[in-house]
Amino acid sequence: MADNSLILNNVSFSFKDKTILENVNYEFEKGKLYMLIARNGTGKSTLFKLISNEYRDYSGIIKGNNSVIVHEQQPIYFEDMTVRENIETFIYCLNAKKEVDVVLTDYELKNIEKKVSKKLSGGEKQRLYLAITSLNNEEVYLFDEGDSALDPIGRTFYYTIIKKRARNNKIVIAISHHLTESIHYADEICFLSNNVLKKIKVKELPENFMELNEDKMMEYLERRV
């Protein structure tokens with residue numbers, strides 16, 4: 001196993017007599033942004049629970065997952081605190097080696113630092129949550145549909161930030177239903193279908209792939225599994 005990898009080795013998992021994964025082998029490398037794509041109900045969130053050690057009743061081996069943080073779909077922070085107070089509190093609690101003003105600037109929060117967090121817009125909430133999860137110096141970051149409630153501008157910021165985090169020598173895996181946009185930013189697609197996790201390199205997709213509607217995209221990816 002490479003030192004910079006998260007490895008799934010012959011991993012199988014069933015839930016309530018339903019097979020989710022069957023003899024899955026996959027290697028995630030640091031420095032890459034992986035987009036986890038699948039149809040609803042095929043096990044994307046279950047895979048995240050396995051990687052993050054929430055589910056342990058599986059066969060096979062998962063290596064390199066001792067330092068994992070999950071960025072949930074619903075932002076987590078202290079609603080009655082201001083944006084700045086949230087950042088200050090999380091820096092203190094996590095003993096993070098970060099400057100408050102640098103974090104506020106990096107995540108475009110400086111102009112709303114005095115705003116009470118429960119009054120933030122959807123995009124502002126997600127930026128605050130992205131800032132908070134950046135304070136955890138973990139090796140593996142799992143983003144569970146953090147782009148679901150964002151407008152196009154918000155999604156662009158979100159994808160840019162998580163790709164930058166991958167480039168900072170981290171393993172970043174993200175679930176997204178916005179196929180066209182997320183694939184544009186991905187280094188590799190992890191496509192889950194028929195209990196198998198398939199690696200698809202973006203650069204190997206056909207030239208007209210991004211012009212297809214999302215149903216046709218899914219059909220093409222399913223043929224690759």
# chains A, B, ... in the order shown; residues from 1 in each chain; ligands from 1

$ select_by_dssp --residues "region 12-107 of chain A" --states "strand (DSSP E or B)" --output "MDAnalysis selection string"
chainID A and resid 12:15 18:29 33:37 59:63 68:71 82

$ select_by_dssp --residues "region 4-224 of chain A" --states "helix (DSSP H, G or I)" --output "PyMOL selection string"
chain A and resi 44-51+83-94+100-106+110-112+117-119+122-134+152-167+179-185+202-204+209-211+214-224

$ residues_around --residues "Cys190 (chain A)" --least-positions-apart "4" --cutoff "10 Å" --atoms "only C-alpha atoms" --output "list in words"
Tyr26, Phe28, Tyr34, Met35, Leu36, Ile37, Ala38, Lys44, Ile173, Ala174, Ile175, Ala186, Val196, Leu197, Lys198, Lys199, Ile200, Lys201 and Leu221 of chain A

$ closest_residue --among "A:Thr105, A:Leu192, A:Met81, A:Glu27" --to "Ser45 (chain A)" --atoms "only C-alpha atoms"
A:Leu192

$ residues_around --residues "Arg39 (chain A)" --least-positions-apart "3" --cutoff "8 Å" --atoms "only C-alpha atoms" --output "list in words"
Thr42, Leu192, Ser193 and Met218 of chain A

$ atom_distance --atom1 "CA of Met210 (chain A)" --atom2 "CA of Leu150 (chain A)"
20.6 Å

$ closest_residue --among "A:Glu88, A:Asp215, A:Glu207, A:Asp17" --to "Leu135 (chain A)" --atoms "only C-alpha atoms"
A:Glu88

$ residues_around --residues "Leu21 (chain A)" --least-positions-apart "4" --cutoff "8 Å" --atoms "only C-alpha atoms" --output "PyMOL selection string"
chain A and resi 11-14+43+195-197

$ closest_residue --among "A:Leu50, A:Asn23, A:Ile69, A:Tyr77" --to "Glu138 (chain A)" --atoms "only C-alpha atoms"
A:Ile69

$ atom_distance --atom1 "CA of Asp147 (chain A)" --atom2 "CA of Val70 (chain A)"
14.0 Å

$ closest_residue --among "A:Asn137, A:Leu179, A:Gln126, A:Ser121" --to "Lys216 (chain A)" --atoms "only C-alpha atoms"
A:Leu179

$ residues_around --residues "Gly64 (chain A)" --least-positions-apart "3" --cutoff "7 Å" --atoms "only C-alpha atoms" --output "JSON, numbers by chain"
{"A": [5, 6, 7]}

$ write_last_selection --atoms "C-alpha atoms" --output "PDB file, in the first residue's frame"
ATOM      1  CA  SER A   5      -3.425   6.104  -0.210  1.00  0.00           C
ATOM      2  CA  LEU A   6      -6.779   4.956   1.124  1.00  0.00           C
ATOM      3  CA  ILE A   7      -7.212   1.322   0.122  1.00  0.00           C
TER       4      ILE A   7
END

$ residues_around --residues "Val83 (chain A)" --least-positions-apart "3" --cutoff "12 Å" --atoms "only C-alpha atoms" --output "PyMOL selection string"
chain A and resi 77-80+86-90+100-101+103-105+107-120+124-129+131-132

$ write_last_selection --atoms "N, CA, C and O atoms" --output "compact mmCIF listing (two decimals), in the first residue's frame"
# COMPACT_ATOMS: atom_id res chain seq x y z
N TYR A 77 -22.55 24.02 13.02
CA TYR A 77 -21.85 25.11 13.69
C TYR A 77 -22.76 25.60 14.81
O TYR A 77 -23.85 25.06 15.02
N PHE A 78 -22.32 26.62 15.54
CA PHE A 78 -23.13 27.18 16.62
C PHE A 78 -23.99 28.31 16.06
O PHE A 78 -23.49 29.38 15.70
N GLU A 79 -25.29 28.08 16.00
CA GLU A 79 -26.20 29.02 15.32
C GLU A 79 -26.30 30.38 16.01
O GLU A 79 -26.53 31.39 15.35
N ASP A 80 -26.15 30.42 17.31
CA ASP A 80 -26.32 31.67 18.04
C ASP A 80 -25.03 32.48 18.15
O ASP A 80 -25.02 33.57 18.72
N ASN A 86 -17.74 31.66 15.76
CA ASN A 86 -17.67 30.25 15.40
C ASN A 86 -16.24 29.84 15.04
O ASN A 86 -15.73 28.83 15.52
N ILE A 87 -15.62 30.63 14.18
CA ILE A 87 -14.25 30.30 13.75
C ILE A 87 -13.31 30.33 14.95
O ILE A 87 -12.47 29.42 15.12
N GLU A 88 -13.42 31.34 15.79
CA GLU A 88 -12.57 31.44 16.98
C GLU A 88 -12.76 30.23 17.89
O GLU A 88 -11.79 29.66 18.40
N THR A 89 -14.03 29.83 18.08
CA THR A 89 -14.34 28.71 18.97
C THR A 89 -13.78 27.40 18.44
O THR A 89 -13.17 26.62 19.19
N PHE A 90 -13.96 27.15 17.15
CA PHE A 90 -13.47 25.89 16.58
C PHE A 90 -11.94 25.85 16.51
O PHE A 90 -11.34 24.79 16.71
N VAL A 100 -7.46 33.49 12.68
CA VAL A 100 -8.89 33.72 12.43
C VAL A 100 -9.10 34.56 11.17
O VAL A 100 -9.92 34.20 10.31
N ASP A 101 -8.37 35.65 11.04
CA ASP A 101 -8.58 36.54 9.91
C ASP A 101 -8.20 35.89 8.58
O ASP A 101 -8.81 36.17 7.55
N VAL A 103 -8.52 32.66 7.91
CA VAL A 103 -9.63 31.74 7.60
C VAL A 103 -10.83 32.51 7.07
O VAL A 103 -11.45 32.13 6.07
N LEU A 104 -11.16 33.60 7.72
CA LEU A 104 -12.30 34.42 7.28
C LEU A 104 -12.10 34.92 5.85
O LEU A 104 -13.02 34.91 5.04
N THR A 105 -10.89 35.32 5.53
CA THR A 105 -10.58 35.82 4.19
C THR A 105 -10.61 34.70 3.16
O THR A 105 -11.21 34.84 2.09
N TYR A 107 -12.24 32.01 3.05
CA TYR A 107 -13.57 31.46 2.78
C TYR A 107 -14.62 32.55 2.54
O TYR A 107 -15.82 32.31 2.64
N GLU A 108 -14.14 33.75 2.22
CA GLU A 108 -15.00 34.88 1.86
C GLU A 108 -16.06 35.16 2.93
O GLU A 108 -17.24 35.36 2.66
N LEU A 109 -15.60 35.18 4.18
CA LEU A 109 -16.48 35.40 5.32
C LEU A 109 -16.20 36.73 6.04
O LEU A 109 -16.92 37.08 6.97
N LYS A 110 -15.17 37.42 5.60
CA LYS A 110 -14.75 38.63 6.31
C LYS A 110 -15.85 39.67 6.37
O LYS A 110 -16.05 40.31 7.41
N ASN A 111 -16.59 39.82 5.29
CA ASN A 111 -17.62 40.86 5.25
C ASN A 111 -18.88 40.49 6.04
O ASN A 111 -19.77 41.32 6.22
N ILE A 112 -18.97 39.24 6.50
CA ILE A 112 -20.14 38.82 7.29
C ILE A 112 -19.69 38.28 8.66
O ILE A 112 -20.45 37.56 9.31
N GLU A 113 -18.49 38.63 9.09
CA GLU A 113 -17.95 38.04 10.31
C GLU A 113 -18.77 38.36 11.55
O GLU A 113 -18.77 37.60 12.53
N LYS A 114 -19.52 39.48 11.54
CA LYS A 114 -20.33 39.86 12.70
C LYS A 114 -21.77 39.38 12.60
O LYS A 114 -22.58 39.62 13.51
N LYS A 115 -22.11 38.68 11.55
CA LYS A 115 -23.47 38.20 11.33
C LYS A 115 -23.72 36.96 12.18
O LYS A 115 -22.89 36.05 12.24
N VAL A 116 -24.88 36.92 12.86
CA VAL A 116 -25.25 35.74 13.63
C VAL A 116 -25.50 34.58 12.67
O VAL A 116 -26.20 34.73 11.67
N SER A 117 -24.95 33.44 12.97
CA SER A 117 -24.88 32.34 12.00
C SER A 117 -26.24 31.81 11.58
O SER A 117 -26.43 31.37 10.44
N LYS A 118 -27.23 31.85 12.45
CA LYS A 118 -28.55 31.33 12.08
C LYS A 118 -29.25 32.22 11.05
O LYS A 118 -30.24 31.81 10.45
N LYS A 119 -28.72 33.41 10.81
CA LYS A 119 -29.29 34.32 9.83
C LYS A 119 -28.57 34.28 8.49
O LYS A 119 -28.86 35.06 7.59
N LEU A 120 -27.63 33.37 8.34
CA LEU A 120 -26.86 33.28 7.10
C LEU A 120 -27.70 32.71 5.97
O LEU A 120 -28.62 31.92 6.18
N GLU A 124 -23.75 31.20 2.42
CA GLU A 124 -22.92 31.65 3.54
C GLU A 124 -22.74 30.55 4.57
O GLU A 124 -21.66 30.36 5.12
N LYS A 125 -23.81 29.80 4.83
CA LYS A 125 -23.73 28.68 5.77
C LYS A 125 -22.70 27.66 5.30
O LYS A 125 -21.90 27.15 6.09
N GLN A 126 -22.73 27.35 4.01
CA GLN A 126 -21.82 26.34 3.49
C GLN A 126 -20.37 26.83 3.54
O GLN A 126 -19.45 26.05 3.83
N ARG A 127 -20.16 28.13 3.27
CA ARG A 127 -18.80 28.67 3.36
C ARG A 127 -18.26 28.59 4.79
O ARG A 127 -17.10 28.26 5.02
N LEU A 128 -19.14 28.89 5.75
CA LEU A 128 -18.74 28.79 7.16
C LEU A 128 -18.40 27.35 7.50
O LEU A 128 -17.38 27.08 8.16
N TYR A 129 -19.22 26.42 7.06
CA TYR A 129 -18.98 25.01 7.36
C TYR A 129 -17.71 24.50 6.69
O TYR A 129 -16.94 23.74 7.28
N ALA A 131 -15.14 26.31 6.07
CA ALA A 131 -14.05 26.89 6.87
C ALA A 131 -13.81 26.07 8.13
O ALA A 131 -12.67 25.80 8.50
N ILE A 132 -14.89 25.65 8.77
CA ILE A 132 -14.76 24.88 10.02
C ILE A 132 -14.12 23.52 9.76
O ILE A 132 -13.21 23.11 10.49

$ atom_distance --atom1 "CA of Glu211 (chain A)" --atom2 "CA of Lys32 (chain A)"
24.1 Å

$ closest_residue --among "A:Tyr185, A:Tyr159, A:Tyr92, A:Phe143" --to "His71 (chain A)" --atoms "only C-alpha atoms"
A:Phe143

$ decode --residues "region 49-83 of chain A" --atoms "N, CA, C and O atoms" --output "PDB file, in the first residue's frame"
ATOM      1  N   LYS A  49     -19.880   5.754   5.238  1.00  0.00           N
ATOM      2  CA  LYS A  49     -19.945   5.251   6.615  1.00  0.00           C
ATOM      3  C   LYS A  49     -18.911   4.147   6.845  1.00  0.00           C
ATOM      4  O   LYS A  49     -18.383   3.995   7.954  1.00  0.00           O
ATOM      5  N   LEU A  50     -18.612   3.385   5.817  1.00  0.00           N
ATOM      6  CA  LEU A  50     -17.578   2.362   5.930  1.00  0.00           C
ATOM      7  C   LEU A  50     -16.194   2.997   6.038  1.00  0.00           C
ATOM      8  O   LEU A  50     -15.373   2.618   6.890  1.00  0.00           O
ATOM      9  N   ILE A  51     -15.939   3.976   5.169  1.00  0.00           N
ATOM     10  CA  ILE A  51     -14.631   4.634   5.180  1.00  0.00           C
ATOM     11  C   ILE A  51     -14.391   5.377   6.491  1.00  0.00           C
ATOM     12  O   ILE A  51     -13.266   5.401   7.011  1.00  0.00           O
ATOM     13  N   SER A  52     -15.455   5.969   7.048  1.00  0.00           N
ATOM     14  CA  SER A  52     -15.319   6.758   8.275  1.00  0.00           C
ATOM     15  C   SER A  52     -15.461   5.918   9.544  1.00  0.00           C
ATOM     16  O   SER A  52     -15.559   6.467  10.644  1.00  0.00           O
ATOM     17  N   ASN A  53     -15.488   4.601   9.395  1.00  0.00           N
ATOM     18  CA  ASN A  53     -15.538   3.669  10.531  1.00  0.00           C
ATOM     19  C   ASN A  53     -16.859   3.680  11.290  1.00  0.00           C
ATOM     20  O   ASN A  53     -16.939   3.148  12.404  1.00  0.00           O
ATOM     21  N   GLU A  54     -17.902   4.257  10.702  1.00  0.00           N
ATOM     22  CA  GLU A  54     -19.209   4.205  11.356  1.00  0.00           C
ATOM     23  C   GLU A  54     -19.809   2.808  11.234  1.00  0.00           C
ATOM     24  O   GLU A  54     -20.470   2.325  12.145  1.00  0.00           O
ATOM     25  N   TYR A  55     -19.595   2.171  10.074  1.00  0.00           N
ATOM     26  CA  TYR A  55     -19.982   0.777   9.876  1.00  0.00           C
ATOM     27  C   TYR A  55     -18.715  -0.079   9.891  1.00  0.00           C
ATOM     28  O   TYR A  55     -17.760   0.208   9.176  1.00  0.00           O
ATOM     29  N   ARG A  56     -18.723  -1.120  10.702  1.00  0.00           N
ATOM     30  CA  ARG A  56     -17.542  -1.973  10.820  1.00  0.00           C
ATOM     31  C   ARG A  56     -17.810  -3.433  10.441  1.00  0.00           C
ATOM     32  O   ARG A  56     -16.879  -4.231  10.353  1.00  0.00           O
ATOM     33  N   ASP A  57     -19.068  -3.764  10.235  1.00  0.00           N
ATOM     34  CA  ASP A  57     -19.426  -5.150   9.963  1.00  0.00           C
ATOM     35  C   ASP A  57     -19.322  -5.447   8.469  1.00  0.00           C
ATOM     36  O   ASP A  57     -20.314  -5.657   7.774  1.00  0.00           O
ATOM     37  N   TYR A  58     -18.101  -5.449   7.974  1.00  0.00           N
ATOM     38  CA  TYR A  58     -17.864  -5.716   6.563  1.00  0.00           C
ATOM     39  C   TYR A  58     -16.758  -6.755   6.441  1.00  0.00           C
ATOM     40  O   TYR A  58     -15.994  -7.004   7.385  1.00  0.00           O
ATOM     41  N   SER A  59     -16.676  -7.361   5.281  1.00  0.00           N
ATOM     42  CA  SER A  59     -15.571  -8.281   5.022  1.00  0.00           C
ATOM     43  C   SER A  59     -14.559  -7.578   4.133  1.00  0.00           C
ATOM     44  O   SER A  59     -14.891  -6.644   3.400  1.00  0.00           O
ATOM     45  N   GLY A  60     -13.317  -8.045   4.176  1.00  0.00           N
ATOM     46  CA  GLY A  60     -12.258  -7.383   3.429  1.00  0.00           C
ATOM     47  C   GLY A  60     -11.477  -6.440   4.325  1.00  0.00           C
ATOM     48  O   GLY A  60     -11.602  -6.472   5.558  1.00  0.00           O
ATOM     49  N   ILE A  61     -10.685  -5.581   3.717  1.00  0.00           N
ATOM     50  CA  ILE A  61      -9.794  -4.686   4.460  1.00  0.00           C
ATOM     51  C   ILE A  61      -9.914  -3.260   3.932  1.00  0.00           C
ATOM     52  O   ILE A  61      -9.947  -3.039   2.719  1.00  0.00           O
ATOM     53  N   ILE A  62     -10.001  -2.307   4.849  1.00  0.00           N
ATOM     54  CA  ILE A  62      -9.915  -0.884   4.510  1.00  0.00           C
ATOM     55  C   ILE A  62      -8.709  -0.325   5.241  1.00  0.00           C
ATOM     56  O   ILE A  62      -8.624  -0.397   6.464  1.00  0.00           O
ATOM     57  N   LYS A  63      -7.759   0.219   4.509  1.00  0.00           N
ATOM     58  CA  LYS A  63      -6.527   0.751   5.082  1.00  0.00           C
ATOM     59  C   LYS A  63      -6.406   2.247   4.772  1.00  0.00           C
ATOM     60  O   LYS A  63      -6.840   2.704   3.722  1.00  0.00           O
ATOM     61  N   GLY A  64      -5.791   2.965   5.695  1.00  0.00           N
ATOM     62  CA  GLY A  64      -5.539   4.387   5.477  1.00  0.00           C
ATOM     63  C   GLY A  64      -6.694   5.277   5.872  1.00  0.00           C
ATOM     64  O   GLY A  64      -6.751   6.440   5.468  1.00  0.00           O
ATOM     65  N   ASN A  65      -7.619   4.747   6.691  1.00  0.00           N
ATOM     66  CA  ASN A  65      -8.796   5.530   7.074  1.00  0.00           C
ATOM     67  C   ASN A  65      -8.809   5.841   8.574  1.00  0.00           C
ATOM     68  O   ASN A  65      -9.864   5.923   9.202  1.00  0.00           O
ATOM     69  N   ASN A  66      -7.628   6.029   9.140  1.00  0.00           N
ATOM     70  CA  ASN A  66      -7.541   6.353  10.564  1.00  0.00           C
ATOM     71  C   ASN A  66      -7.710   7.840  10.853  1.00  0.00           C
ATOM     72  O   ASN A  66      -7.811   8.241  12.012  1.00  0.00           O
ATOM     73  N   SER A  67      -7.720   8.656   9.803  1.00  0.00           N
ATOM     74  CA  SER A  67      -7.807  10.107   9.981  1.00  0.00           C
ATOM     75  C   SER A  67      -8.808  10.661   8.969  1.00  0.00           C
ATOM     76  O   SER A  67      -8.449  11.100   7.882  1.00  0.00           O
ATOM     77  N   VAL A  68     -10.097  10.605   9.357  1.00  0.00           N
ATOM     78  CA  VAL A  68     -11.186  10.923   8.424  1.00  0.00           C
ATOM     79  C   VAL A  68     -12.133  11.941   9.042  1.00  0.00           C
ATOM     80  O   VAL A  68     -12.446  11.868  10.233  1.00  0.00           O
ATOM     81  N   ILE A  69     -12.601  12.885   8.232  1.00  0.00           N
ATOM     82  CA  ILE A  69     -13.663  13.784   8.650  1.00  0.00           C
ATOM     83  C   ILE A  69     -14.743  13.799   7.571  1.00  0.00           C
ATOM     84  O   ILE A  69     -14.441  13.793   6.373  1.00  0.00           O
ATOM     85  N   VAL A  70     -16.004  13.787   8.018  1.00  0.00           N
ATOM     86  CA  VAL A  70     -17.140  13.813   7.092  1.00  0.00           C
ATOM     87  C   VAL A  70     -17.775  15.195   7.126  1.00  0.00           C
ATOM     88  O   VAL A  70     -18.166  15.681   8.189  1.00  0.00           O
ATOM     89  N   HIS A  71     -17.849  15.814   5.966  1.00  0.00           N
ATOM     90  CA  HIS A  71     -18.522  17.102   5.803  1.00  0.00           C
ATOM     91  C   HIS A  71     -19.968  16.768   5.437  1.00  0.00           C
ATOM     92  O   HIS A  71     -20.260  16.387   4.309  1.00  0.00           O
ATOM     93  N   GLU A  72     -20.867  16.887   6.413  1.00  0.00           N
ATOM     94  CA  GLU A  72     -22.253  16.464   6.227  1.00  0.00           C
ATOM     95  C   GLU A  72     -23.008  17.397   5.279  1.00  0.00           C
ATOM     96  O   GLU A  72     -22.584  18.528   5.023  1.00  0.00           O
ATOM     97  N   GLN A  73     -24.148  16.915   4.790  1.00  0.00           N
ATOM     98  CA  GLN A  73     -24.971  17.736   3.902  1.00  0.00           C
ATOM     99  C   GLN A  73     -25.521  18.959   4.632  1.00  0.00           C
ATOM    100  O   GLN A  73     -25.593  20.045   4.080  1.00  0.00           O
ATOM    101  N   GLN A  74     -25.895  18.769   5.899  1.00  0.00           N
ATOM    102  CA  GLN A  74     -26.419  19.870   6.699  1.00  0.00           C
ATOM    103  C   GLN A  74     -25.278  20.512   7.482  1.00  0.00           C
ATOM    104  O   GLN A  74     -24.617  19.828   8.274  1.00  0.00           O
ATOM    105  N   PRO A  75     -24.998  21.801   7.259  1.00  0.00           N
ATOM    106  CA  PRO A  75     -23.887  22.459   7.955  1.00  0.00           C
ATOM    107  C   PRO A  75     -23.991  22.358   9.467  1.00  0.00           C
ATOM    108  O   PRO A  75     -25.084  22.397  10.038  1.00  0.00           O
ATOM    109  N   ILE A  76     -22.853  22.211  10.125  1.00  0.00           N
ATOM    110  CA  ILE A  76     -22.788  22.080  11.578  1.00  0.00           C
ATOM    111  C   ILE A  76     -21.946  23.224  12.135  1.00  0.00           C
ATOM    112  O   ILE A  76     -20.776  23.377  11.770  1.00  0.00           O
ATOM    113  N   TYR A  77     -22.547  24.016  13.018  1.00  0.00           N
ATOM    114  CA  TYR A  77     -21.852  25.112  13.692  1.00  0.00           C
ATOM    115  C   TYR A  77     -22.757  25.599  14.806  1.00  0.00           C
ATOM    116  O   TYR A  77     -23.853  25.059  15.021  1.00  0.00           O
ATOM    117  N   PHE A  78     -22.325  26.620  15.544  1.00  0.00           N
ATOM    118  CA  PHE A  78     -23.127  27.185  16.623  1.00  0.00           C
ATOM    119  C   PHE A  78     -23.991  28.315  16.063  1.00  0.00           C
ATOM    120  O   PHE A  78     -23.489  29.383  15.700  1.00  0.00           O
ATOM    121  N   GLU A  79     -25.294  28.085  15.998  1.00  0.00           N
ATOM    122  CA  GLU A  79     -26.196  29.023  15.320  1.00  0.00           C
ATOM    123  C   GLU A  79     -26.296  30.377  16.011  1.00  0.00           C
ATOM    124  O   GLU A  79     -26.529  31.391  15.351  1.00  0.00           O
ATOM    125  N   ASP A  80     -26.153  30.415  17.312  1.00  0.00           N
ATOM    126  CA  ASP A  80     -26.322  31.673  18.044  1.00  0.00           C
ATOM    127  C   ASP A  80     -25.032  32.484  18.146  1.00  0.00           C
ATOM    128  O   ASP A  80     -25.023  33.571  18.719  1.00  0.00           O
ATOM    129  N   MET A  81     -23.963  31.975  17.601  1.00  0.00           N
ATOM    130  CA  MET A  81     -22.701  32.710  17.560  1.00  0.00           C
ATOM    131  C   MET A  81     -22.576  33.442  16.228  1.00  0.00           C
ATOM    132  O   MET A  81     -23.176  33.036  15.229  1.00  0.00           O
ATOM    133  N   THR A  82     -21.783  34.480  16.205  1.00  0.00           N
ATOM    134  CA  THR A  82     -21.463  35.129  14.939  1.00  0.00           C
ATOM    135  C   THR A  82     -20.501  34.233  14.152  1.00  0.00           C
ATOM    136  O   THR A  82     -19.941  33.276  14.681  1.00  0.00           O
ATOM    137  N   VAL A  83     -20.323  34.589  12.900  1.00  0.00           N
ATOM    138  CA  VAL A  83     -19.385  33.844  12.060  1.00  0.00           C
ATOM    139  C   VAL A  83     -17.992  33.861  12.680  1.00  0.00           C
ATOM    140  O   VAL A  83     -17.329  32.820  12.794  1.00  0.00           O
TER     141      VAL A  83
END
